[in-house]
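Since the structure comes first, as structure tokens, the remarks are kept for the end.
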Amino acid sequence: MITAQRNPLWLNRLKPYSTRLQEPCELIVEGKLTRMVGLTLEAVGCRAAIGSRCQIETKSGKLIEAEVVGFAGDRIYLMPTGELQGLEPDCRVIPMGKNSLAKVGPALLGRVLDGSGKPLDNKGPLKAEAMVSLNGTPINPLSRNPIRDTLDVGVRAINSILSVGRGQRMGLFAGTGVGKSILLGMMTKFTTADIVVVGLIGERGREVNEFVQKILGEEGLKRAVVVATPADDPPLMRAHGALLATSIAEYFRDQGKDVLLLMDSLTRFAQAHREIALAIGEPPATKGYPPSVFAKLPHLVERAGNANAGEGSITAFYTVLAEGDDTNDPIADAARGVLDGHIVLSRNLAESGHFPAIDIEASVSRVMPDIASDEHMQWARELRRMYSLYQQNRDLISVGAYQPGADPRIDKAIEKNPAILEFLQQGMDEQVDLERSLRELGLLLNKRG
């Protein structure tokens with residue numbers, strides 16, 4: 001069936017004119033639903049581009065929205081954005097002729113949204129200033145501002161040993177229940193940024209309200225935007241949640257703001273794309289992940305960072321779930337290659353009551369040499385050496401096999417170890433700014449701080 005639909009967005013893309021209408025119209029070719037396998041819908045008889053939306057009309061008149069994710073011959077594959085109740089064979093499929101867009105604007109501050117940009121907080125409709133593509137606009141890498149300024153995240157271990165630059169993309173690698181979300185919450189409250197955008201992708205629904213009420217609080221929410229797509233959302237909505245959070249961060253960056261983007265988690269974003277790709281027939285390649293998933297990760301991550309000269313920045317922290325505590329699983333390994341550093345959380349440290357459970361031996365900030373002073377770098381290397389030396393000889397020391405005086409370096413590491421462990425720990429409600437972090441690091445090493 002062919003129908004004509006008016007749409008002002010098509011005024012600049014002249015299509016065949018109707019002889020009865022005074023404005024251009026789009027010829028919409030409707031189709032019908034023929035098959036459903038899992039969450040994948042197949043339709044025939046209609047034409048729609050990848051990424052465009054369609055409406056599926058049930059026999060009762062209910063409209064269900066879906067997005068085109070693939071095609072084969074005369075068939076198109078769709079993935080729903082919501083519930084599928086009421087679908088049956090031969091339902092009408094009506095192309096809407098538009099791609100996914102994101103509402104952006106200052107009115108988003110203080111709001112909690114779902115993956116489609118609709119409010120979850122019962123504070124009324126959103127007033128958008130503009131509509132932008134969910135996929136963003138690439139920035140010429142040669143025109144990006146270099147990372148030169150240190151970002152104060154309020155966490156002593158990160159400020160002193162793993163300094164983060166404004167515009168850096170960092171990964172937070174850990175297994176389940178090791179304290180990723182709590183550490184993200186600390187940085188949300190303590191980081192010096194104009195705007196905070198939080199993407200809760202594929203996490204427990206309970207965490208959304210807890211994050212908004214307990215971690216952000218009323219004051220923190222005033223400068224923040226939260227995008228929440230819990231684990232029970234369709235995979236398409238989980239993927240869109242990450243894209244929406246990034247689009248909102250890009251908008252504020254283009255307004256000259258310094259934005260902190262926190263995404264929990266990058267792994268759930270990859271898993272959502274895995275579900276979509278496998279559902280439309282893409283073969284798995286590495287531990288069940290199709291090749292397209294590994295192309296999606298850099299596409300998302302590269303959208304963060306510094307903008308052109310004179311514009312703002314996006315400093316991003318992405319949590320990466322190490323399945324089975326394996327930090328070399330495919331997504332963790334791929335993420336490590338496209339990020340500007342990684343912070344690894346240790347289960348052993350967490351189980352011993354050490355918080356934040358940052359394994360400073362396995363963690364690195366790739367831009368720290370560019371933003372830290374020579375004195376700061378020297379102090380950080382010295383603390384790392386003492387900590388690592390103690391860990392390497394820990395078994396000998398604990399059983400009394402090491403004799404004091406055998407190695408002056410080990411003697412010093414043993415002497416300083418209690419102070420180092422205390423230095424690396426911090427209360428969840430305690431804020432330690434950059435200046436205090438460096439001063440305490442200098443005092444620990446008997447330097448002038």
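We name chains A, B, ... following the order of the structure tokens; residues begin at 1 in each chain, and ligands are numbered from 1 as shown.
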With 10 Å as the cut-off and only C-alpha atoms counted, what is the closest atom pair between each nearby residue of segment 276-296 of chain A and segment 59-69 of chain A? Distances in Å to one decimal, ordered by chain and number, as CSV.
residue,atom,partner,partner_atom,distance
A:Ile276,CA,A:Val69,CA,7.9
A:Ala277,CA,A:Val69,CA,8.5
A:Ala279,CA,A:Val69,CA,9.9
A:Ile280,CA,A:Val69,CA,7.8
Q. Taking into account only C-alpha atoms, which residue in the set A:Pro230, A:Gly185, A:Gly175, A:Pro284 is nearest to Ser346 of chain A?
A. A:Gly175
I'd like the neighbourhood of Ala334 of chain A as a compact mmCIF listing (two decimals) with all heavy atoms, in the first residue's frame, where a residue qualifies if any of its atoms comes within 10 Å (using only C-alpha atoms), though same-chain residues fewer than 6 positions away should be ignored.
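Saved result, selection.txt, follows:
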# COMPACT_ATOMS: atom_id res chain seq x y z
N PHE A 294 32.62 -4.79 17.79
CA PHE A 294 33.92 -4.18 18.02
C PHE A 294 34.10 -2.91 17.19
O PHE A 294 35.00 -2.11 17.46
CB PHE A 294 35.03 -5.19 17.71
CG PHE A 294 34.96 -6.42 18.59
CD1 PHE A 294 34.37 -7.59 18.12
CD2 PHE A 294 35.43 -6.39 19.88
CE1 PHE A 294 34.28 -8.71 18.93
CE2 PHE A 294 35.35 -7.51 20.70
CZ PHE A 294 34.77 -8.67 20.22
N ALA A 295 33.26 -2.72 16.17
CA ALA A 295 33.28 -1.46 15.43
C ALA A 295 32.45 -0.40 16.13
O ALA A 295 32.71 0.80 15.98
CB ALA A 295 32.74 -1.69 14.01
N LEU A 297 32.25 0.08 19.45
CA LEU A 297 32.93 0.63 20.63
C LEU A 297 33.73 1.89 20.32
O LEU A 297 33.54 2.92 20.98
CB LEU A 297 33.82 -0.45 21.27
CG LEU A 297 33.08 -1.63 21.91
CD1 LEU A 297 34.09 -2.63 22.47
CD2 LEU A 297 32.16 -1.16 23.01
N PRO A 298 34.66 1.86 19.36
CA PRO A 298 35.39 3.10 19.07
C PRO A 298 34.49 4.21 18.53
O PRO A 298 34.75 5.39 18.77
CB PRO A 298 36.43 2.68 18.03
CG PRO A 298 35.93 1.41 17.45
CD PRO A 298 35.17 0.74 18.55
N ASN A 328 40.94 -9.59 30.54
CA ASN A 328 41.35 -9.79 29.15
C ASN A 328 40.23 -10.39 28.31
O ASN A 328 40.48 -10.93 27.23
CB ASN A 328 42.58 -10.71 29.08
CG ASN A 328 43.81 -10.05 29.66
OD1 ASN A 328 44.12 -8.91 29.36
ND2 ASN A 328 44.51 -10.77 30.53
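When only C-alpha atoms are used to compute distances to Asn99 of chain A, the closest of the residues A:Pro369, A:Gly73, A:Gly51, A:Gly217 turns out to be A:Gly51.
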Produce a table with one row for each residue of segment 69-124 of chain A that has an atom at most 10 Å from any atom of segment 242-249 of chain A, each row naming the nearest atom pair and its distance in Å at one decimal; use only C-alpha atoms; arrange rows by chain and rising residue number; format as JSON lines.
{"residue": "A:Ser100", "atom": "CA", "partner": "A:Leu244", "partner_atom": "CA", "distance": 9.8}
{"residue": "A:Leu101", "atom": "CA", "partner": "A:Leu244", "partner_atom": "CA", "distance": 8.6}
{"residue": "A:Ala102", "atom": "CA", "partner": "A:Leu244", "partner_atom": "CA", "distance": 6.3}
{"residue": "A:Lys103", "atom": "CA", "partner": "A:Ile248", "partner_atom": "CA", "distance": 8.1}
{"residue": "A:Val104", "atom": "CA", "partner": "A:Ile248", "partner_atom": "CA", "distance": 6.0}
{"residue": "A:Gly105", "atom": "CA", "partner": "A:Ile248", "partner_atom": "CA", "distance": 8.1}
{"residue": "A:Pro106", "atom": "CA", "partner": "A:Ile248", "partner_atom": "CA", "distance": 9.9}
{"residue": "A:Leu108", "atom": "CA", "partner": "A:Ile248", "partner_atom": "CA", "distance": 8.7}
{"residue": "A:Leu113", "atom": "CA", "partner": "A:Leu244", "partner_atom": "CA", "distance": 9.4}
{"residue": "A:Asp114", "atom": "CA", "partner": "A:Leu244", "partner_atom": "CA", "distance": 9.1}
{"residue": "A:Gly115", "atom": "CA", "partner": "A:Leu244", "partner_atom": "CA", "distance": 6.8}
{"residue": "A:Ser116", "atom": "CA", "partner": "A:Leu244", "partner_atom": "CA", "distance": 7.8}
{"residue": "A:Gly117", "atom": "CA", "partner": "A:Leu244", "partner_atom": "CA", "distance": 7.3}
Q) In terms of the shortest atom-to-atom distance over only C-alpha atoms, which of A:Ile94, A:Ala309, A:Val301, A:Ala272 is closest to Pro234 of chain A? A)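 The shortest atom-to-atom distance to Pro234 of chain A comes from A:Ala272.
Every protein or nucleic acid residue with an atom no more than 9 Å from Leu444 of chain A, counting only C-alpha atoms and leaving out same-chain residues fewer than 4 positions away, appears here: Leu383, Lys416, Ala419, Ile420, Phe423, Arg439, Glu440 and Gly449 of chain A.
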